[in-house]
>>> print(open('target04.csv').read())   # CSV, C-alpha atoms
chain,number,residue,atom,x,y,z
I,1,MET,CA,11.9,5.1,2.9
I,2,THR,CA,15.2,3.4,2.9
I,3,VAL,CA,15.9,1.2,0.0
I,4,PRO,CA,18.0,-1.9,0.9
I,5,GLY,CA,21.2,-2.1,-1.1
I,6,PRO,CA,22.3,-5.1,-3.1
I,7,VAL,CA,23.3,-8.2,-1.1
I,8,LYS,CA,27.1,-8.7,-1.2
I,9,GLY,CA,28.5,-12.0,-2.2
I,10,SER,CA,30.6,-14.2,0.1
I,11,TYR,CA,33.8,-14.1,-2.0
I,12,THR,CA,36.7,-12.0,-0.8
I,13,TRP,CA,37.2,-10.2,-4.2
I,14,ASP,CA,33.5,-9.5,-4.5
I,15,ARG,CA,33.5,-7.7,-1.1
I,16,SER,CA,36.3,-5.4,-2.3
I,17,PHE,CA,35.7,-5.2,-6.0
I,18,ARG,CA,36.5,-1.5,-6.2
I,19,ILE,CA,40.1,-2.3,-5.2
I,20,TRP,CA,40.3,-4.8,-8.0
I,21,ASP,CA,39.0,-2.3,-10.5
I,22,THR,CA,41.6,0.2,-9.3
I,23,TYR,CA,44.3,-2.4,-9.6
I,24,PHE,CA,43.3,-3.3,-13.2
I,25,ALA,CA,43.2,0.3,-14.2
I,26,LEU,CA,46.7,1.1,-12.7
I,27,ILE,CA,48.3,-1.9,-14.4
I,28,TRP,CA,46.7,-1.1,-17.7
I,29,LEU,CA,47.7,2.6,-17.5
I,30,ALA,CA,51.3,1.7,-16.5
I,31,THR,CA,51.5,-0.8,-19.4
I,32,LEU,CA,50.3,1.8,-21.9
I,33,VAL,CA,52.9,4.3,-20.7
I,34,PHE,CA,55.7,1.7,-20.9
I,35,VAL,CA,54.7,0.7,-24.4
I,36,LEU,CA,54.5,4.3,-25.7
I,37,GLY,CA,57.6,5.4,-23.8
I,38,THR,CA,60.1,2.7,-24.9
I,39,ASP,CA,62.8,3.4,-27.4
I,40,ARG,CA,62.2,0.4,-29.7
I,41,PRO,CA,60.7,-0.8,-31.9
I,42,GLY,CA,59.6,2.2,-33.9
I,43,TRP,CA,56.7,4.4,-33.0
I,44,PRO,CA,54.3,2.9,-35.6
I,45,VAL,CA,54.7,-0.6,-34.0
I,46,ARG,CA,54.3,0.9,-30.5
I,47,VAL,CA,51.1,2.7,-31.6
I,48,VAL,CA,49.7,-0.5,-32.9
I,49,ALA,CA,50.6,-2.3,-29.7
I,50,ALA,CA,49.0,0.4,-27.6
I,51,GLY,CA,45.9,0.4,-29.9
I,52,LEU,CA,45.5,-3.3,-29.1
I,53,LEU,CA,45.6,-2.6,-25.4
I,54,VAL,CA,42.8,0.0,-25.5
I,55,PRO,CA,39.9,-2.4,-26.1
I,56,LEU,CA,40.9,-4.3,-23.0
I,57,VAL,CA,39.2,-1.6,-20.9
I,58,PRO,CA,35.7,-1.8,-22.4
I,59,LEU,CA,36.1,-5.6,-22.7
I,60,TYR,CA,36.7,-5.8,-19.0
I,61,VAL,CA,33.9,-3.4,-18.1
I,62,TRP,CA,31.2,-5.0,-20.2
I,63,LEU,CA,32.1,-8.6,-20.1
I,64,GLY,CA,34.9,-9.4,-17.7
I,65,ARG,CA,33.6,-7.6,-14.6
I,66,PRO,CA,30.1,-9.1,-14.7
I,67,VAL,CA,31.6,-12.6,-15.2
I,68,LEU,CA,34.0,-12.1,-12.2
I,69,ARG,CA,31.1,-11.0,-10.0
I,70,GLY,CA,29.1,-14.1,-10.9
I,71,ASP,CA,28.5,-16.6,-8.1
I,72,PRO,CA,29.9,-18.8,-9.5
I,73,PRO,CA,31.2,-17.3,-12.7
I,74,ASP,CA,29.6,-18.4,-16.0
I,75,GLU,CA,32.2,-20.7,-17.5
I,76,ARG,CA,31.2,-20.2,-21.1
I,77,ARG,CA,31.2,-16.4,-20.8
I,78,ALA,CA,34.5,-16.7,-18.9
I,79,VAL,CA,36.1,-18.6,-21.7
I,80,SER,CA,34.9,-16.1,-24.3
I,81,TYR,CA,36.2,-13.2,-22.2
I,82,LEU,CA,39.6,-14.8,-21.7
I,83,MET,CA,40.0,-15.7,-25.3
I,84,ALA,CA,39.1,-12.1,-26.4
I,85,GLN,CA,41.6,-10.5,-24.0
I,86,MET,CA,44.4,-12.9,-25.1
I,87,ALA,CA,43.5,-12.2,-28.7
I,88,LEU,CA,44.3,-8.5,-27.9
I,89,PHE,CA,47.1,-9.0,-25.5
I,90,LEU,CA,49.3,-11.6,-27.2
I,91,PRO,CA,49.9,-9.7,-30.5
I,92,SER,CA,50.6,-6.5,-28.6
I,93,ALA,CA,53.1,-8.5,-26.3
I,94,VAL,CA,54.8,-10.0,-29.3
I,95,LEU,CA,55.2,-6.6,-30.9
I,96,VAL,CA,56.5,-4.8,-27.8
I,97,GLY,CA,58.0,-6.7,-24.9
I,98,GLU,CA,56.9,-4.1,-22.3
I,99,THR,CA,53.3,-5.1,-22.9
I,100,ARG,CA,54.0,-8.2,-20.8
I,101,LEU,CA,53.5,-6.0,-17.7
I,102,MET,CA,49.8,-6.4,-18.4
I,103,SER,CA,50.0,-10.0,-17.5
I,104,PHE,CA,49.8,-9.0,-13.8
I,105,ALA,CA,46.2,-7.9,-14.4
I,106,LEU,CA,45.3,-10.8,-16.8
I,107,VAL,CA,46.5,-13.7,-14.8
I,108,PRO,CA,44.3,-13.5,-11.6
I,109,PRO,CA,41.0,-13.6,-13.6
I,110,CYS,CA,42.1,-17.0,-15.0
I,111,PHE,CA,42.1,-18.5,-11.6
I,112,MET,CA,38.9,-16.7,-10.6
I,113,MET,CA,37.0,-17.9,-13.6
I,114,LEU,CA,38.4,-21.3,-14.7
I,115,ARG,CA,39.1,-24.6,-13.2
I,116,LEU,CA,42.6,-25.1,-12.0
I,117,ARG,CA,43.8,-27.2,-15.0
I,118,TRP,CA,42.5,-24.8,-17.6
I,119,ALA,CA,43.7,-21.8,-15.5
I,120,LEU,CA,47.3,-23.2,-15.5
I,121,ILE,CA,47.2,-23.6,-19.2
I,122,ALA,CA,45.9,-20.1,-19.8
I,123,VAL,CA,48.5,-18.6,-17.4
I,124,THR,CA,51.3,-20.5,-19.1
I,125,VAL,CA,50.2,-19.2,-22.5
I,126,ILE,CA,50.0,-15.6,-21.2
I,127,ASN,CA,53.5,-15.7,-19.7
I,128,ILE,CA,55.5,-17.9,-22.2
I,129,ALA,CA,53.8,-17.3,-25.6
I,130,PRO,CA,54.7,-13.5,-25.8
I,131,VAL,CA,58.4,-14.3,-25.2
I,132,ILE,CA,58.5,-17.0,-27.9
I,133,GLY,CA,56.7,-14.8,-30.4
I,134,TRP,CA,58.8,-11.7,-29.6
I,135,ALA,CA,62.0,-13.7,-30.0
I,136,LEU,CA,60.9,-15.2,-33.3
I,137,LEU,CA,59.6,-11.9,-34.7
I,138,TRP,CA,62.6,-9.6,-33.8
I,139,TRP,CA,65.5,-12.1,-33.4
I,140,PRO,CA,67.1,-10.2,-30.5
I,141,GLY,CA,70.5,-11.0,-29.0
I,142,ALA,CA,71.1,-14.0,-26.8
I,143,HIS,CA,71.4,-11.7,-23.7
I,144,ASP,CA,68.0,-10.2,-24.3
I,145,VAL,CA,66.4,-13.6,-24.9
I,146,PHE,CA,67.9,-15.0,-21.7
I,147,PHE,CA,66.8,-12.0,-19.7
I,148,ASN,CA,63.2,-12.1,-21.0
I,149,SER,CA,63.0,-15.9,-20.6
I,150,VAL,CA,64.0,-15.7,-17.0
I,151,PHE,CA,61.6,-12.9,-16.5
I,152,ALA,CA,58.8,-15.0,-18.1
I,153,VAL,CA,59.6,-18.0,-15.9
I,154,VAL,CA,59.7,-15.9,-12.7
I,155,THR,CA,56.4,-14.3,-13.7
I,156,LEU,CA,54.9,-17.7,-14.3
I,157,VAL,CA,56.0,-19.0,-10.9
I,158,PHE,CA,54.6,-15.9,-9.3
I,159,SER,CA,51.4,-16.3,-11.2
I,160,ILE,CA,51.0,-19.9,-10.1
I,161,ALA,CA,51.7,-18.9,-6.5
I,162,LEU,CA,49.2,-16.1,-6.7
I,163,GLY,CA,46.6,-18.3,-8.3
I,164,THR,CA,47.0,-20.9,-5.6
I,165,TRP,CA,46.4,-18.3,-3.0
I,166,ILE,CA,43.3,-17.1,-4.9
I,167,ILE,CA,41.9,-20.6,-5.1
I,168,GLN,CA,42.4,-21.1,-1.4
I,169,VAL,CA,40.6,-17.8,-0.8
I,170,ILE,CA,37.8,-18.9,-3.1
I,171,GLU,CA,37.4,-22.3,-1.4
I,172,GLN,CA,37.6,-20.8,2.1
I,173,SER,CA,35.0,-18.1,1.2
I,174,GLN,CA,32.7,-20.7,-0.3
I,175,GLU,CA,33.0,-22.9,2.8
I,176,ARG,CA,32.4,-19.9,5.0
I,177,ALA,CA,29.4,-18.9,3.0
I,178,GLU,CA,28.0,-22.4,3.2
I,179,LEU,CA,28.7,-22.5,6.9
I,180,ILE,CA,27.0,-19.2,7.4
I,181,ALA,CA,24.0,-20.4,5.4
I,182,GLU,CA,23.8,-23.6,7.5
I,183,LEU,CA,24.1,-21.6,10.8
I,184,ASP,CA,21.4,-19.2,9.6
I,185,ALA,CA,19.1,-22.1,8.7
I,186,SER,CA,19.9,-23.8,12.0
I,187,ARG,CA,19.2,-20.6,13.9
I,188,HIS,CA,15.8,-20.3,12.2
I,189,GLU,CA,15.1,-24.0,12.9
I,190,VAL,CA,16.1,-23.7,16.6
I,191,SER,CA,13.9,-20.5,16.9
I,192,ARG,CA,11.0,-22.4,15.3
I,193,LEU,CA,11.4,-25.4,17.5
I,194,SER,CA,11.8,-23.3,20.5
I,195,SER,CA,8.6,-21.4,19.7
I,196,ALA,CA,6.8,-24.7,19.1
I,197,HIS,CA,8.1,-26.2,22.3
I,198,GLY,CA,7.1,-23.1,24.2
I,199,ALA,CA,3.6,-23.2,22.8
I,200,LEU,CA,3.3,-26.9,23.6
I,201,ALA,CA,4.6,-26.5,27.1
I,202,GLU,CA,2.1,-23.6,27.6
I,203,ARG,CA,-0.7,-25.8,26.3
I,204,GLU,CA,0.2,-28.6,28.6
I,205,ARG,CA,0.4,-26.2,31.5
I,206,MET,CA,-3.0,-24.7,30.8
I,207,ALA,CA,-4.4,-28.2,30.3
I,208,ARG,CA,-3.1,-29.1,33.8
I,209,GLU,CA,-4.4,-25.9,35.3
I,210,ILE,CA,-7.9,-26.3,33.8
I,211,HIS,CA,-8.0,-30.0,34.7
I,212,ASP,CA,-7.0,-29.3,38.3
I,213,THR,CA,-9.3,-26.3,38.8
I,214,LEU,CA,-12.1,-25.7,36.4
I,215,ALA,CA,-12.7,-29.3,35.3
I,216,GLN,CA,-12.7,-30.5,38.9
I,217,GLY,CA,-15.0,-27.7,40.0
I,218,PHE,CA,-17.5,-28.6,37.2
I,219,THR,CA,-17.3,-32.3,38.2
I,220,SER,CA,-18.2,-31.3,41.8
I,221,LEU,CA,-21.1,-29.2,40.6
I,222,LEU,CA,-22.5,-32.1,38.6
I,223,MET,CA,-22.2,-34.4,41.6
I,224,LEU,CA,-23.9,-31.8,43.8
I,225,VAL,CA,-26.7,-31.4,41.2
I,226,GLN,CA,-27.3,-35.1,41.3
I,227,ALA,CA,-27.3,-35.1,45.1
I,228,VAL,CA,-29.8,-32.2,45.2
I,229,GLU,CA,-32.1,-33.9,42.7
I,230,ALA,CA,-32.2,-36.9,45.0
I,231,GLU,CA,-32.7,-34.9,48.2
I,232,LEU,CA,-35.4,-32.3,47.1
I,233,ASP,CA,-38.3,-34.6,48.0
I,234,GLU,CA,-36.8,-36.4,51.0
I,235,ASP,CA,-34.3,-34.1,52.7
I,236,LEU,CA,-34.8,-30.4,52.0
I,237,PRO,CA,-32.3,-29.1,54.6
I,238,GLN,CA,-29.6,-31.3,53.1
I,239,ALA,CA,-30.5,-30.2,49.6
I,240,ARG,CA,-30.2,-26.6,50.7
I,241,ARG,CA,-26.8,-27.3,52.2
I,242,HIS,CA,-25.7,-28.8,48.9
I,243,LEU,CA,-27.1,-25.8,47.0
I,244,ALA,CA,-25.0,-23.5,49.2
I,245,LEU,CA,-22.0,-25.7,48.5
I,246,MET,CA,-22.8,-25.5,44.7
I,247,ASP,CA,-22.9,-21.7,45.1
I,248,GLU,CA,-19.5,-21.7,46.8
I,249,THR,CA,-18.0,-24.1,44.3
I,250,ALA,CA,-19.2,-22.0,41.4
I,251,ARG,CA,-17.8,-18.8,42.9
I,252,GLN,CA,-14.5,-20.6,43.5
I,253,ASN,CA,-14.4,-21.8,39.9
I,254,LEU,CA,-15.0,-18.2,38.7
I,255,ALA,CA,-12.2,-17.0,40.9
I,256,GLU,CA,-9.9,-19.7,39.5
I,257,ALA,CA,-10.8,-18.8,35.9
I,258,ARG,CA,-10.0,-15.2,36.6
I,259,ALA,CA,-6.7,-16.2,38.2
I,260,LEU,CA,-5.8,-18.4,35.1
I,261,VAL,CA,-6.6,-15.5,32.7
I,262,ALA,CA,-4.5,-13.1,34.8
I,263,GLY,CA,-1.7,-15.6,35.3
I,264,GLY,CA,-1.6,-14.9,39.0
I,265,THR,CA,-1.7,-16.9,42.3
I,266,PRO,CA,-4.5,-19.5,42.6
I,267,ALA,CA,-7.6,-18.1,44.2
I,268,ASP,CA,-7.3,-20.2,47.3
I,269,LEU,CA,-3.8,-18.9,48.0
I,270,ALA,CA,-4.5,-15.2,47.1
I,271,ASP,CA,-5.2,-14.0,50.6
I,272,ALA,CA,-4.4,-17.0,52.8
I,273,SER,CA,-1.7,-19.3,53.9
I,274,LEU,CA,-1.3,-22.9,52.6
I,275,PRO,CA,-2.9,-24.5,55.7
I,276,ASP,CA,-5.9,-22.1,55.5
I,277,ALA,CA,-6.3,-22.8,51.8
I,278,LEU,CA,-6.2,-26.6,52.3
I,279,ARG,CA,-8.6,-26.3,55.3
I,280,ARG,CA,-11.2,-24.6,53.0
I,281,LEU,CA,-10.5,-27.1,50.3
I,282,ALA,CA,-11.0,-30.0,52.7
I,283,ALA,CA,-14.3,-28.5,54.0
I,284,ARG,CA,-15.7,-28.3,50.4
I,285,HIS,CA,-14.9,-32.1,50.0
I,286,ASP,CA,-16.0,-33.2,53.5
I,287,ALA,CA,-12.5,-34.1,54.4
I,288,VAL,CA,-10.3,-33.7,57.5
I,289,LEU,CA,-7.0,-31.8,57.5
I,290,GLU,CA,-4.1,-32.5,59.8
I,291,VAL,CA,-1.1,-30.1,59.9
I,292,THR,CA,2.2,-31.2,61.4
I,293,GLY,CA,5.5,-29.5,61.9
I,294,SER,CA,6.4,-25.9,62.1
I,295,VAL,CA,4.2,-23.9,59.7
I,296,ARG,CA,6.2,-21.2,57.8
I,297,ALA,CA,5.9,-19.1,54.7
I,298,LEU,CA,7.3,-20.9,51.6
I,299,PRO,CA,8.0,-19.8,48.0
I,300,ALA,CA,5.0,-19.7,45.7
I,301,GLY,CA,6.1,-22.7,43.6
I,302,PRO,CA,5.9,-25.5,46.2
I,303,GLU,CA,2.7,-24.1,47.8
I,304,VAL,CA,0.9,-24.0,44.4
I,305,VAL,CA,2.0,-27.5,43.6
I,306,ALA,CA,0.9,-28.7,47.0
I,307,LEU,CA,-2.5,-27.1,46.6
I,308,ARG,CA,-3.0,-28.4,43.0
I,309,SER,CA,-2.0,-31.9,44.1
I,310,CYS,CA,-4.6,-31.9,46.9
I,311,GLN,CA,-7.3,-30.6,44.6
I,312,GLU,CA,-6.5,-33.4,42.1
I,313,ALA,CA,-6.3,-36.1,44.8
I,314,LEU,CA,-9.5,-35.0,46.5
I,315,ALA,CA,-11.5,-34.8,43.2
I,316,ASN,CA,-10.3,-38.3,42.3
I,317,ALA,CA,-11.2,-39.6,45.8
I,318,ARG,CA,-14.8,-38.3,45.6
I,319,LYS,CA,-15.1,-39.4,42.0
I,320,HIS,CA,-13.8,-43.0,42.4
I,321,ALA,CA,-14.1,-43.8,46.1
I,322,GLY,CA,-17.6,-42.3,46.4
I,323,SER,CA,-19.3,-39.8,48.6
I,324,SER,CA,-19.5,-42.2,51.5
I,325,ALA,CA,-15.7,-42.7,51.8
I,326,THR,CA,-13.8,-41.1,54.5
I,327,VAL,CA,-11.1,-38.7,53.2
I,328,SER,CA,-8.2,-37.2,55.2
I,329,LEU,CA,-5.5,-34.7,54.3
I,330,THR,CA,-2.1,-34.4,55.9
I,331,LEU,CA,0.2,-31.4,55.5
I,332,ALA,CA,3.6,-32.0,57.0
I,333,TYR,CA,6.3,-29.3,57.3
I,334,ALA,CA,9.9,-30.6,57.8
I,335,ASP,CA,13.3,-28.9,57.8
I,336,ALA,CA,13.9,-29.3,54.0
I,337,THR,CA,10.6,-30.8,52.7
I,338,LEU,CA,6.9,-30.2,52.4
I,339,THR,CA,4.7,-33.3,52.2
I,340,VAL,CA,1.0,-33.5,51.5
I,341,SER,CA,-1.0,-36.7,51.6
I,342,VAL,CA,-4.6,-37.5,50.7
I,343,ARG,CA,-6.0,-40.8,51.9
I,344,ASP,CA,-9.4,-42.4,51.4
I,345,ASP,CA,-10.8,-45.7,52.6
I,346,GLY,CA,-12.6,-46.4,49.4
I,347,CYS,CA,-12.5,-49.4,47.1
I,348,GLY,CA,-8.9,-48.7,45.8
I,349,PHE,CA,-7.5,-49.7,42.5
I,350,ASP,CA,-4.4,-51.1,40.8
I,351,PRO,CA,-2.1,-48.2,39.9
I,352,GLY,CA,-0.4,-50.2,37.2
I,353,THR,CA,-3.6,-50.3,35.1
I,354,VAL,CA,-4.0,-46.5,34.9
I,355,SER,CA,-3.0,-44.9,31.7
I,356,GLY,CA,-3.8,-41.7,29.8
I,357,GLY,CA,-5.5,-38.5,31.2
I,358,TYR,CA,-4.1,-35.6,33.1
I,359,GLY,CA,-4.7,-36.8,36.6
I,360,LEU,CA,-1.8,-38.8,38.0
I,361,ALA,CA,0.5,-38.0,35.2
I,362,GLY,CA,-0.1,-34.2,35.7
I,363,LEU,CA,0.4,-34.6,39.4
I,364,ARG,CA,3.8,-36.2,38.9
I,365,THR,CA,4.7,-33.6,36.3
I,366,ARG,CA,3.9,-30.8,38.7
I,367,ALA,CA,6.0,-32.3,41.4
I,368,ALA,CA,8.9,-32.8,39.1
I,369,GLU,CA,8.9,-29.2,37.9
I,370,VAL,CA,9.9,-28.1,41.4
I,371,GLY,CA,12.2,-31.0,42.1
I,372,GLY,CA,9.7,-33.1,44.0
I,373,THR,CA,8.3,-36.6,43.7
I,374,ALA,CA,4.8,-38.0,43.8
I,375,TRP,CA,3.6,-41.5,44.3
I,376,VAL,CA,0.3,-43.4,44.7
I,377,ARG,CA,-0.2,-46.4,47.0
I,378,SER,CA,-3.4,-48.3,46.5
I,379,ALA,CA,-4.9,-51.8,46.2
I,380,ARG,CA,-8.3,-53.1,45.6
I,381,GLY,CA,-10.4,-53.0,48.7
I,382,GLU,CA,-7.7,-51.1,50.7
I,383,GLY,CA,-8.3,-47.5,49.8
I,384,THR,CA,-5.8,-45.1,48.2
I,385,THR,CA,-3.1,-42.7,49.4
I,386,VAL,CA,-1.6,-40.0,47.2
I,387,THR,CA,1.6,-38.5,48.5
I,388,VAL,CA,3.6,-35.6,47.2
I,389,GLN,CA,6.9,-34.6,48.7
I,390,LEU,CA,8.5,-31.2,47.7
I,391,PRO,CA,11.9,-29.7,48.5
I,392,VAL,CA,11.8,-26.4,50.4
I,393,SER,CA,14.3,-24.0,52.0
I,394,PRO,CA,15.7,-25.5,55.2
I,395,VAL,CA,14.6,-23.8,58.5
I,396,SER,CA,17.1,-21.3,59.8
I,397,PRO,CA,17.4,-20.2,63.4
I,398,ALA,CA,16.2,-16.7,62.5
I,399,SER,CA,13.1,-17.9,60.6
I,400,PRO,CA,9.8,-17.0,62.4
I,401,LEU,CA,7.9,-20.2,63.2
I,402,ARG,CA,4.2,-20.5,63.7
I,403,SER,CA,2.3,-23.3,65.3
I,404,PRO,CA,-0.4,-25.0,63.3
I,405,ARG,CA,-3.8,-23.7,64.0
>>> encode(input="target04.csv", output="structure tokens")
Amino acid sequence: MTVPGPVKGSYTWDRSFRIWDTYFALIWLATLVFVLGTDRPGWPVRVVAAGLLVPLVPLYVWLGRPVLRGDPPDERRAVSYLMAQMALFLPSAVLVGETRLMSFALVPPCFMMLRLRWALIAVTVINIAPVIGWALLWWPGAHDVFFNSVFAVVTLVFSIALGTWIIQVIEQSQERAELIAELDASRHEVSRLSSAHGALAERERMAREIHDTLAQGFTSLLMLVQAVEAELDEDLPQARRHLALMDETARQNLAEARALVAGGTPADLADASLPDALRRLAARHDAVLEVTGSVRALPAGPEVVALRSCQEALANARKHAGSSATVSLTLAYADATLTVSVRDDGCGFDPGTVSGGYGLAGLRTRAAEVGGTAWVRSARGEGTTVTVQLPVSPVSPASPLRSPR
């Protein structure tokens, strides 16, 4: 089993902390060599100065390094660490001037750990205080004082420049880390919303499919059951005809349910052309189909929408116009469009008063999904016409044309 490693921070120095460890070690070692190798002051003083430098290593390992790796660094622990290292560094630097080389390793943590104002104060103390203390302790010549003062000022300017760069890196890294966190959160939110939208769209699609197929079939079965109950005692042959129609409707519903589960082509279109499917559909609803234009094979999308639209319109016609109303279907093939219309001479209605449900809204949604349009023309006492017009591929000279049967 693979054990995941620690998560790395977003700061630049945290991602390359081994380099910083190496840098600190090299500066400390070079400072120790310079202190012990210089000619003056005497060796007892140099040993004392070197002895003060030795605790800087465990202090860095046990306290400084954990504080530096903090995100953000603990300010109280940072102050304690910096005061401890200056308590060791400043006496050593006052005793032996070569100790000031160690400032190259002590200055950067000031900017890493402290706010800018306090960091500048600490850096100034690290660079200037050793020169002042050294001059007051040993009273060197003017030339040596001038040289060391210039060196201290240059080191201070370099420290401020380096610290400014460090602060810019910190701010940039923090902004980048926040941006990455925001992008990651946004990505998860987009993924969640996309999944939710996909689930909602699938539920709406299944609702339309069930409404246009199974629900309409069950409605037809209920109407046929009512008709059979009324005809059993008075018109047995008509009752038997309706029973046969119930059997056909139930089988058709079963085929539609299987097609929905399999996600395949509607049962009516499985082994037939669109005109044949609409002809069978019209026969089940005692309607008349008229086909105009040059019949041709079309993509599945427009044909499915045309079939579902006719199923919805026929079911509504039988439900609202009544069984005595005359219903007719028109399937018109044009060069760039396919149009289906379902008309009944029933009582009609006011389309502006219709709201809710999957019927007309689902019909318009289906048409819009393939770039088509759907509209309803009706008025009380004047019947109803439902028309759906869908864009299709234009007829090309090489396309095989068939005459409507």
>>> residues_near_point(input="target04.csv", point="(-14.0, -32.3, 38.7)", cutoff="12 Å", atoms="all atoms listed in the file", output="ChimeraX atom specification")
/I:210-224,249-250,253,285,311-320,358-359
>>> closest_residue(input="target04.csv", among="I:Ala297, I:Ala207, I:Val96, I:Leu82", to="Ala49 in chain I", atoms="all atoms listed in the file")
I:Val96
>>> atom_distance(input="target04.csv", atom1="CA of Pro302 in chain I", atom2="CA of Thr326 in chain I")
26.5 Å
>>> closest_residue(input="target04.csv", among="I:Ile167, I:Arg279, I:Pro91, I:Val61", to="Met113 in chain I", atoms="all atoms listed in the file")
I:Ile167
>>> residues_around(input="target04.csv", residues="range 44-46 of chain I", least_positions_apart="3", cutoff="9 Å", atoms="all atoms listed in the file", output="ChimeraX atom specification")
/I:35-38,40-41,49-51,92,95-96
>>> residues_around(input="target04.csv", residues="range 366-371 of chain I", least_positions_apart="6", cutoff="12 Å", atoms="only C-alpha atoms", output="PyMOL selection string")
chain I and resi 201+204-205+208-209+212+299-310+312+337-340+358-360+387-392
>>> atom_distance(input="target04.csv", atom1="CA of Gly70 in chain I", atom2="CA of Glu178 in chain I")
16.4 Å
>>> atom_distance(input="target04.csv", atom1="CA of Ala239 in chain I", atom2="CA of Arg284 in chain I")
14.9 Å
>>> residues_around(input="target04.csv", residues="range 122-125 of chain I", least_positions_apart="3", cutoff="10 Å", atoms="all atoms listed in the file", output="list in words")
Leu82, Met83, Met86, Leu90, Ser103, Leu106, Val107, Pro108, Pro109, Cys110, Phe111, Leu114, Leu116, Arg117, Trp118, Ala119, Ile128, Ala129, Pro130, Val131, Ala152, Val153, Thr155, Leu156, Val157, Ser159, Ile160 and Gly163 of chain I
>>> residues_near_point(input="target04.csv", point="(-5.6, -33.8, 54.5)", cutoff="8 Å", atoms="only C-alpha atoms", output="MDAnalysis selection string")
chainID I and resid 278 282 287:291 310 327:331 340:343
>>> closest_residue(input="target04.csv", among="I:Phe151, I:Trp165, I:Trp28, I:Trp139", to="Thr99 in chain I", atoms="all atoms listed in the file")
I:Trp28
>>> residues_around(input="target04.csv", residues="Arg364 in chain I", least_positions_apart="5", cutoff="8 Å", atoms="only C-alpha atoms", output="ChimeraX atom specification")
/I:373-375
>>> build_atoms(input="target04.csv", residues="range 72-76 of chain I", atoms="all heavy atoms", output="JSON list (two decimals), keeping the file's coordinate frame")
[["chain", "number", "residue", "atom", "x", "y", "z"],
["I", 72, "PRO", "N", 28.47, -18.90, -9.03],
["I", 72, "PRO", "CA", 29.90, -18.80, -9.50],
["I", 72, "PRO", "C", 29.90, -18.20, -10.90],
["I", 72, "PRO", "O", 28.85, -18.02, -11.54],
["I", 72, "PRO", "CB", 30.24, -20.31, -9.56],
["I", 72, "PRO", "CG", 28.96, -21.00, -9.89],
["I", 72, "PRO", "CD", 27.88, -20.23, -9.19],
["I", 73, "PRO", "N", 31.10, -17.87, -11.40],
["I", 73, "PRO", "CA", 31.20, -17.30, -12.70],
["I", 73, "PRO", "C", 30.69, -18.21, -13.81],
["I", 73, "PRO", "O", 30.86, -19.42, -13.73],
["I", 73, "PRO", "CB", 32.72, -17.02, -12.89],
["I", 73, "PRO", "CG", 33.25, -16.98, -11.49],
["I", 73, "PRO", "CD", 32.41, -17.93, -10.71],
["I", 74, "ASP", "N", 30.04, -17.62, -14.82],
["I", 74, "ASP", "CA", 29.60, -18.40, -16.00],
["I", 74, "ASP", "C", 30.77, -18.88, -16.78],
["I", 74, "ASP", "O", 31.53, -18.06, -17.32],
["I", 74, "ASP", "CB", 28.63, -17.54, -16.82],
["I", 74, "ASP", "CG", 28.00, -18.34, -17.95],
["I", 74, "ASP", "OD1", 28.72, -18.67, -18.91],
["I", 74, "ASP", "OD2", 26.79, -18.62, -17.86],
["I", 75, "GLU", "N", 30.96, -20.20, -16.88],
["I", 75, "GLU", "CA", 32.20, -20.70, -17.50],
["I", 75, "GLU", "C", 32.26, -20.40, -18.99],
["I", 75, "GLU", "O", 33.35, -20.07, -19.49],
["I", 75, "GLU", "CB", 32.24, -22.24, -17.28],
["I", 75, "GLU", "CG", 33.57, -22.85, -17.66],
["I", 75, "GLU", "CD", 33.71, -24.28, -17.20],
["I", 75, "GLU", "OE1", 32.81, -24.75, -16.47],
["I", 75, "GLU", "OE2", 34.70, -24.92, -17.58],
["I", 76, "ARG", "N", 31.15, -20.47, -19.69],
["I", 76, "ARG", "CA", 31.20, -20.20, -21.10],
["I", 76, "ARG", "C", 31.53, -18.72, -21.38],
["I", 76, "ARG", "O", 32.35, -18.40, -22.25],
["I", 76, "ARG", "CB", 29.84, -20.54, -21.75],
["I", 76, "ARG", "CG", 29.50, -22.03, -21.74],
["I", 76, "ARG", "CD", 28.20, -22.32, -22.43],
["I", 76, "ARG", "NE", 28.25, -21.91, -23.84],
["I", 76, "ARG", "CZ", 27.22, -21.99, -24.67],
["I", 76, "ARG", "NH1", 26.05, -22.47, -24.24],
["I", 76, "ARG", "NH2", 27.34, -21.61, -25.92]]
